[in-house]
$ cat protein_20.cif   # mmCIF, C-alpha atoms, pLDDT in the B column; chains and numbers go by the auth columns
data_run
loop_
_atom_site.group_PDB
_atom_site.id
_atom_site.type_symbol
_atom_site.label_atom_id
_atom_site.label_comp_id
_atom_site.label_asym_id
_atom_site.label_seq_id
_atom_site.Cartn_x
_atom_site.Cartn_y
_atom_site.Cartn_z
_atom_site.B_iso_or_equiv
_atom_site.auth_seq_id
_atom_site.auth_asym_id
ATOM 1 C CA GLU A 1 12.441 5.264 8.309 71.00 1 A
ATOM 2 C CA GLU A 2 11.171 1.766 9.041 79.00 2 A
ATOM 3 C CA ALA A 3 14.129 0.716 11.224 88.00 3 A
ATOM 4 C CA PRO A 4 12.538 1.696 14.580 91.00 4 A
ATOM 5 C CA TYR A 5 9.518 -0.562 13.819 94.00 5 A
ATOM 6 C CA SER A 6 11.346 -3.473 12.183 95.00 6 A
ATOM 7 C CA CYS A 7 11.628 -6.941 13.726 95.00 7 A
ATOM 8 C CA ARG A 8 13.917 -8.126 10.917 94.00 8 A
ATOM 9 C CA GLU A 9 16.928 -8.665 13.158 94.00 9 A
ATOM 10 C CA TRP A 10 14.829 -10.764 15.570 96.00 10 A
ATOM 11 C CA VAL A 11 13.822 -13.468 13.048 94.00 11 A
ATOM 12 C CA VAL A 12 15.744 -16.562 11.971 93.00 12 A
ATOM 13 C CA ALA A 13 14.182 -18.892 9.377 89.00 13 A
ATOM 14 C CA ASN A 14 15.037 -22.589 9.208 88.00 14 A
ATOM 15 C CA PRO A 15 15.856 -23.775 6.631 82.00 15 A
ATOM 16 C CA MET A 16 17.191 -20.679 4.894 80.00 16 A
ATOM 17 C CA ASP A 17 17.815 -22.593 1.675 80.00 17 A
ATOM 18 C CA PHE A 18 16.048 -25.687 0.343 80.00 18 A
ATOM 19 C CA GLU A 19 14.955 -27.514 -2.801 80.00 19 A
ATOM 20 C CA VAL A 20 11.348 -28.450 -3.518 80.00 20 A
ATOM 21 C CA ALA A 21 10.293 -30.589 -6.468 77.00 21 A
ATOM 22 C CA GLY A 22 7.152 -29.770 -8.420 75.00 22 A
ATOM 23 C CA LYS A 23 3.864 -30.200 -6.485 85.00 23 A
ATOM 24 C CA GLN A 24 5.716 -30.764 -3.209 85.00 24 A
ATOM 25 C CA ARG A 25 5.579 -28.757 -0.006 86.00 25 A
ATOM 26 C CA ALA A 26 8.223 -27.632 2.412 85.00 26 A
ATOM 27 C CA ALA A 27 7.768 -26.508 5.998 88.00 27 A
ATOM 28 C CA VAL A 28 9.753 -23.487 7.101 88.00 28 A
ATOM 29 C CA ARG A 29 9.962 -22.709 10.786 91.00 29 A
ATOM 30 C CA TYR A 30 11.053 -19.427 12.208 92.00 30 A
ATOM 31 C CA THR A 31 12.287 -18.309 15.589 94.00 31 A
ATOM 32 C CA LEU A 32 11.627 -14.801 16.797 94.00 32 A
ATOM 33 C CA ARG A 33 13.509 -13.379 19.788 96.00 33 A
ATOM 34 C CA VAL A 34 12.436 -9.971 21.055 96.00 34 A
ATOM 35 C CA PRO A 35 15.369 -8.125 22.673 96.00 35 A
ATOM 36 C CA PRO A 36 14.730 -7.509 26.406 95.00 36 A
ATOM 37 C CA ALA A 37 14.909 -3.683 26.237 93.00 37 A
ATOM 38 C CA THR A 38 12.442 -3.359 23.333 96.00 38 A
ATOM 39 C CA PRO A 39 10.007 -0.466 23.882 96.00 39 A
ATOM 40 C CA GLU A 40 6.254 -1.056 23.819 96.00 40 A
ATOM 41 C CA GLY A 41 4.796 -0.968 20.316 96.00 41 A
ATOM 42 C CA SER A 42 4.103 -3.035 17.228 97.00 42 A
ATOM 43 C CA TYR A 43 6.861 -4.182 14.912 97.00 43 A
ATOM 44 C CA HIS A 44 6.806 -5.735 11.469 96.00 44 A
ATOM 45 C CA CYS A 45 8.998 -7.554 8.963 95.00 45 A
ATOM 46 C CA ALA A 46 8.758 -10.274 6.336 93.00 46 A
ATOM 47 C CA VAL A 47 10.376 -13.583 5.475 91.00 47 A
ATOM 48 C CA SER A 48 10.801 -14.057 1.740 89.00 48 A
ATOM 49 C CA PHE A 49 11.812 -16.993 -0.459 86.00 49 A
ATOM 50 C CA LEU A 50 12.633 -16.669 -4.151 83.00 50 A
ATOM 51 C CA SER A 51 12.632 -19.613 -6.507 80.00 51 A
ATOM 52 C CA GLN A 52 15.615 -20.327 -8.720 75.00 52 A
ATOM 53 C CA PRO A 53 16.192 -23.049 -11.308 70.00 53 A
ATOM 54 C CA PRO A 54 17.964 -26.158 -10.014 66.00 54 A
ATOM 55 C CA ALA A 55 21.746 -26.171 -10.270 62.00 55 A
ATOM 56 C CA GLY A 56 22.842 -26.900 -13.829 64.00 56 A
ATOM 57 C CA GLN A 57 19.596 -25.669 -15.437 64.00 57 A
ATOM 58 C CA ALA A 58 20.297 -21.958 -15.189 59.00 58 A
ATOM 59 C CA ALA A 59 22.337 -21.762 -18.397 62.00 59 A
ATOM 60 C CA GLY A 60 20.998 -21.822 -21.920 64.00 60 A
ATOM 61 C CA MET A 61 17.977 -20.404 -23.666 69.00 61 A
ATOM 62 C CA GLY A 62 14.382 -20.864 -22.625 69.00 62 A
ATOM 63 C CA LEU A 63 11.640 -19.545 -20.468 71.00 63 A
ATOM 64 C CA ARG A 64 12.163 -19.563 -16.693 70.00 64 A
ATOM 65 C CA THR A 65 9.597 -18.672 -14.050 74.00 65 A
ATOM 66 C CA ALA A 66 10.573 -17.075 -10.762 76.00 66 A
ATOM 67 C CA VAL A 67 8.202 -17.181 -7.805 81.00 67 A
ATOM 68 C CA GLN A 68 8.573 -15.170 -4.634 85.00 68 A
ATOM 69 C CA ILE A 69 6.755 -16.243 -1.471 86.00 69 A
ATOM 70 C CA VAL A 70 6.477 -13.698 1.323 91.00 70 A
ATOM 71 C CA ALA A 71 5.163 -14.133 4.859 90.00 71 A
ATOM 72 C CA SER A 72 4.486 -10.957 6.846 93.00 72 A
ATOM 73 C CA ILE A 73 5.211 -10.999 10.570 95.00 73 A
ATOM 74 C CA TYR A 74 3.678 -8.593 13.084 95.00 74 A
ATOM 75 C CA VAL A 75 4.913 -8.517 16.696 96.00 75 A
ATOM 76 C CA VAL A 76 3.216 -6.622 19.514 96.00 76 A
ATOM 77 C CA VAL A 77 5.300 -5.788 22.579 97.00 77 A
ATOM 78 C CA GLY A 78 3.327 -4.705 25.645 96.00 78 A
ATOM 79 C CA ARG A 79 -0.146 -3.221 25.225 95.00 79 A
ATOM 80 C CA PRO A 80 0.190 -0.172 22.984 96.00 80 A
ATOM 81 C CA ALA A 81 -3.048 1.690 22.336 94.00 81 A
ATOM 82 C CA VAL A 82 -4.515 1.929 18.846 95.00 82 A
ATOM 83 C CA GLU A 83 -4.521 5.534 17.665 95.00 83 A
ATOM 84 C CA GLY A 84 -5.790 6.572 14.287 95.00 84 A
ATOM 85 C CA THR A 85 -8.090 8.677 12.197 95.00 85 A
ATOM 86 C CA VAL A 86 -9.543 8.845 8.745 95.00 86 A
ATOM 87 C CA LYS A 87 -7.480 11.776 7.533 95.00 87 A
ATOM 88 C CA GLY A 88 -8.986 12.202 4.087 95.00 88 A
ATOM 89 C CA LEU A 89 -11.227 10.868 1.353 96.00 89 A
ATOM 90 C CA ARG A 90 -11.019 11.846 -2.284 94.00 90 A
ATOM 91 C CA LEU A 91 -12.196 10.756 -5.710 90.00 91 A
ATOM 92 C CA GLU A 92 -9.630 10.339 -8.499 90.00 92 A
ATOM 93 C CA TYR A 93 -9.999 9.696 -12.207 87.00 93 A
ATOM 94 C CA VAL A 94 -7.623 7.061 -13.597 87.00 94 A
ATOM 95 C CA PRO A 95 -6.963 7.746 -17.311 86.00 95 A
ATOM 96 C CA HIS A 96 -5.768 4.208 -18.123 81.00 96 A
ATOM 97 C CA PRO A 97 -5.825 3.619 -21.927 81.00 97 A
ATOM 98 C CA GLN A 98 -7.680 0.263 -21.778 80.00 98 A
ATOM 99 C CA THR A 99 -9.713 0.656 -18.573 78.00 99 A
ATOM 100 C CA PRO A 100 -10.253 4.287 -17.570 78.00 100 A
ATOM 101 C CA GLY A 101 -12.326 4.802 -14.456 85.00 101 A
ATOM 102 C CA TRP A 102 -12.723 6.229 -10.997 89.00 102 A
ATOM 103 C CA ARG A 103 -11.327 5.296 -7.623 92.00 103 A
ATOM 104 C CA ALA A 104 -11.734 6.496 -4.079 95.00 104 A
ATOM 105 C CA VAL A 105 -8.655 7.086 -1.938 96.00 105 A
ATOM 106 C CA VAL A 106 -9.088 6.812 1.834 97.00 106 A
ATOM 107 C CA VAL A 107 -6.174 8.251 3.812 97.00 107 A
ATOM 108 C CA PHE A 108 -5.588 6.826 7.282 97.00 108 A
ATOM 109 C CA SER A 109 -3.301 8.463 9.830 96.00 109 A
ATOM 110 C CA ASN A 110 -1.587 6.353 12.484 96.00 110 A
ATOM 111 C CA PRO A 111 0.333 8.597 14.898 96.00 111 A
ATOM 112 C CA GLY A 112 0.607 5.772 17.448 95.00 112 A
ATOM 113 C CA LEU A 113 2.916 2.821 18.025 96.00 113 A
ATOM 114 C CA MET A 114 0.366 0.068 17.260 96.00 114 A
ATOM 115 C CA HIS A 115 -0.588 -1.069 13.758 96.00 115 A
ATOM 116 C CA PHE A 116 -4.287 -1.488 13.007 95.00 116 A
ATOM 117 C CA ARG A 117 -6.423 -3.005 10.260 95.00 117 A
ATOM 118 C CA PRO A 118 -9.387 -0.805 9.363 95.00 118 A
ATOM 119 C CA GLU A 119 -12.698 -2.551 8.716 95.00 119 A
ATOM 120 C CA GLY A 120 -15.438 -0.825 6.824 96.00 120 A
ATOM 121 C CA SER A 121 -16.526 0.396 3.442 97.00 121 A
ATOM 122 C CA VAL A 122 -16.697 3.277 1.019 97.00 122 A
ATOM 123 C CA GLU A 123 -20.124 4.207 -0.295 96.00 123 A
ATOM 124 C CA VAL A 124 -20.975 6.249 -3.365 93.00 124 A
ATOM 125 C CA LEU A 125 -24.190 8.219 -2.862 93.00 125 A
ATOM 126 C CA ASP A 126 -26.176 9.561 -5.809 90.00 126 A
ATOM 127 C CA GLU A 127 -27.731 13.036 -5.958 91.00 127 A
ATOM 128 C CA SER A 128 -30.768 11.903 -3.949 93.00 128 A
ATOM 129 C CA GLY A 129 -28.561 10.464 -1.173 92.00 129 A
ATOM 130 C CA GLN A 130 -29.224 6.839 -2.111 94.00 130 A
ATOM 131 C CA VAL A 131 -26.349 4.366 -2.052 94.00 131 A
ATOM 132 C CA ALA A 132 -25.303 3.711 -5.662 91.00 132 A
ATOM 133 C CA GLU A 133 -22.283 1.540 -4.831 93.00 133 A
ATOM 134 C CA THR A 134 -20.612 0.032 -1.765 96.00 134 A
ATOM 135 C CA VAL A 135 -17.052 -1.326 -1.699 96.00 135 A
ATOM 136 C CA LYS A 136 -15.530 -3.033 1.349 97.00 136 A
ATOM 137 C CA LEU A 137 -12.041 -1.949 2.369 96.00 137 A
ATOM 138 C CA ALA A 138 -9.276 -4.521 2.076 93.00 138 A
ATOM 139 C CA PRO A 139 -8.112 -5.500 5.589 88.00 139 A
ATOM 140 C CA LEU A 140 -4.574 -4.186 5.181 93.00 140 A
ATOM 141 C CA PRO A 141 -2.473 -2.974 8.107 95.00 141 A
ATOM 142 C CA VAL A 142 -1.836 0.715 8.724 95.00 142 A
ATOM 143 C CA LEU A 143 1.669 0.733 10.161 95.00 143 A
ATOM 144 C CA PRO A 144 2.889 2.934 13.067 95.00 144 A
ATOM 145 C CA LYS A 145 3.804 6.595 12.610 94.00 145 A
ATOM 146 C CA ARG A 146 2.547 7.020 9.069 93.00 146 A
ATOM 147 C CA ASP A 147 -0.248 8.126 6.788 95.00 147 A
ATOM 148 C CA GLN A 148 -1.373 5.381 4.453 95.00 148 A
ATOM 149 C CA ASN A 149 -3.570 5.490 1.343 96.00 149 A
ATOM 150 C CA PHE A 150 -6.136 2.769 0.642 96.00 150 A
ATOM 151 C CA ILE A 151 -7.103 2.634 -3.042 95.00 151 A
ATOM 152 C CA VAL A 152 -10.727 1.625 -3.676 95.00 152 A
ATOM 153 C CA PRO A 153 -11.662 0.957 -7.339 93.00 153 A
ATOM 154 C CA LEU A 154 -15.185 2.107 -8.211 92.00 154 A
ATOM 155 C CA GLU A 155 -17.553 1.023 -10.975 88.00 155 A
ATOM 156 C CA LEU A 156 -20.030 3.952 -10.998 81.00 156 A
ATOM 157 C CA LYS A 157 -22.532 1.979 -13.094 76.00 157 A
ATOM 158 C CA ASP A 158 -25.091 4.810 -12.915 71.00 158 A
ATOM 159 C CA GLY A 159 -22.966 6.893 -15.286 73.00 159 A
ATOM 160 C CA PRO A 160 -22.303 10.639 -15.198 77.00 160 A
ATOM 161 C CA GLY A 161 -23.765 12.703 -12.362 81.00 161 A
ATOM 162 C CA ASN A 162 -23.035 14.278 -9.014 88.00 162 A
ATOM 163 C CA TYR A 163 -21.920 11.824 -6.361 89.00 163 A
ATOM 164 C CA THR A 164 -20.897 11.967 -2.716 92.00 164 A
ATOM 165 C CA LEU A 165 -18.323 9.642 -1.158 94.00 165 A
ATOM 166 C CA ARG A 166 -18.761 8.347 2.371 95.00 166 A
ATOM 167 C CA ALA A 167 -16.390 6.111 4.307 96.00 167 A
ATOM 168 C CA ARG A 168 -17.513 4.278 7.445 96.00 168 A
ATOM 169 C CA VAL A 169 -14.587 2.682 9.219 96.00 169 A
ATOM 170 C CA ASP A 170 -13.770 0.922 12.495 95.00 170 A
ATOM 171 C CA LEU A 171 -10.078 1.279 13.335 93.00 171 A
ATOM 172 C CA GLY A 172 -10.316 -1.070 16.321 88.00 172 A
ATOM 173 C CA MET A 173 -11.083 1.602 18.919 88.00 173 A
ATOM 174 C CA ASN A 174 -14.772 0.666 19.444 87.00 174 A
ATOM 175 C CA GLU A 175 -16.089 3.553 17.379 91.00 175 A
ATOM 176 C CA ILE A 176 -17.125 4.069 13.792 93.00 176 A
ATOM 177 C CA GLN A 177 -15.489 6.992 12.022 92.00 177 A
ATOM 178 C CA GLU A 178 -17.374 8.497 9.104 91.00 178 A
#
$ encode --input "protein_20.cif" --output "structure tokens"
Amino acid sequence: EEAPYSCREWVVANPMDFEVAGKQRAAVRYTLRVPPATPEGSYHCAVSFLSQPPAGQAAGMGLRTAVQIVASIYVVVGRPAVEGTVKGLRLEYVPHPQTPGWRAVVVFSNPGLMHFRPEGSVEVLDESGQVAETVKLAPLPVLPKRDQNFIVPLELKDGPGNYTLRARVDLGMNEIQE
């Protein structure tokens, strides 16, 4: 499903393989070549590096730590318009044994060819309409041609009662959706 929006084949990382001693840094450069006939739209992929023990230390017993470093890449070809809506908003109970609680789920729809990063918040209103809690949305991308859920953990410190959820969001189209 993601193949039409992937830029994976366009990216070459250099170096692909390297060794880094503890507390050292390594620069990794990448080259991205967009094929000439690429249609207008936004494309995405990631470059990932996984740590491994140095040669000769992989055998034997002991504790080993693996670290994966991922860099996301977003490419925009042309000037595709941002299209999107807040498709839904719901409240869910999470029956986790140690930390049960509530969360809001905001569903964004992106029927277009351009990714966007919603900015805004979810508010919990009490029975009198007063704001009991406000949580900012994480600035995550909503990728092309998909519906995407944003999970918003809530505290609901006021305890049991009747609440209303409200989301106010800017999708990058110069309007606030509520």
$ closest_residue --input "protein_20.cif" --among "A:Ala13, A:Ile176, A:Leu50, A:Arg8" --to "Ala66 (chain A)" --atoms "only C-alpha atoms"
A:Leu50
$ closest_residue --input "protein_20.cif" --among "A:Val169, A:Tyr43, A:Ser51, A:Pro35" --to "Val20 (chain A)" --atoms "all atoms listed in the file"
A:Ser51
$ closest_residue --input "protein_20.cif" --among "A:Thr65, A:Thr164, A:Ser48, A:Gln177" --to "Glu123 (chain A)" --atoms "all atoms listed in the file"
A:Thr164
$ atom_distance --input "protein_20.cif" --atom1 "CA of Arg90 (chain A)" --atom2 "CA of Tyr5 (chain A)"
28.9 Å
$ residues_around --input "protein_20.cif" --residues "region 68-83 of chain A" --least-positions-apart "5" --cutoff "8 Å" --atoms "all atoms listed in the file" --output "MDAnalysis selection string"
chainID A and resid 7 38:51 110:116 171:173
$ atom_distance --input "protein_20.cif" --atom1 "CA of Thr134 (chain A)" --atom2 "CA of Val122 (chain A)"
5.8 Å
$ closest_residue --input "protein_20.cif" --among "A:Ala132, A:Gln98, A:Glu127, A:Trp10" --to "Gly161 (chain A)" --atoms "all atoms listed in the file"
A:Glu127
$ residues_around --input "protein_20.cif" --residues "Val124 (chain A)" --least-positions-apart "6" --cutoff "9 Å" --atoms "all atoms listed in the file" --output "MDAnalysis selection string"
chainID A and resid 130:135 154 156 163:167
$ atom_distance --input "protein_20.cif" --atom1 "CA of Asp126 (chain A)" --atom2 "CA of Asn162 (chain A)"
6.5 Å
$ axis_aligned_box --input "protein_20.cif" --around "region 130-149 of chain A" --padding-each-side "3 Å" --output "lines of an AutoDock Vina configuration file"
center_x = -12.7
center_y = 1.3
center_z = 3.7
size_x = 39.0
size_y = 19.6
size_z = 24.7
$ closest_residue --input "protein_20.cif" --among "A:Tyr93, A:Val34, A:Phe18, A:Phe108" --to "Ser6 (chain A)" --atoms "all atoms listed in the file"
A:Val34
$ closest_residue --input "protein_20.cif" --among "A:Leu63, A:Val142, A:Ile151, A:Val12" --to "Glu92 (chain A)" --atoms "only C-alpha atoms"
A:Ile151
$ residues_around --input "protein_20.cif" --residues "Val28 (chain A)" --least-positions-apart "4" --cutoff "9 Å" --atoms "only C-alpha atoms" --output "ChimeraX atom specification"
/A:13-16
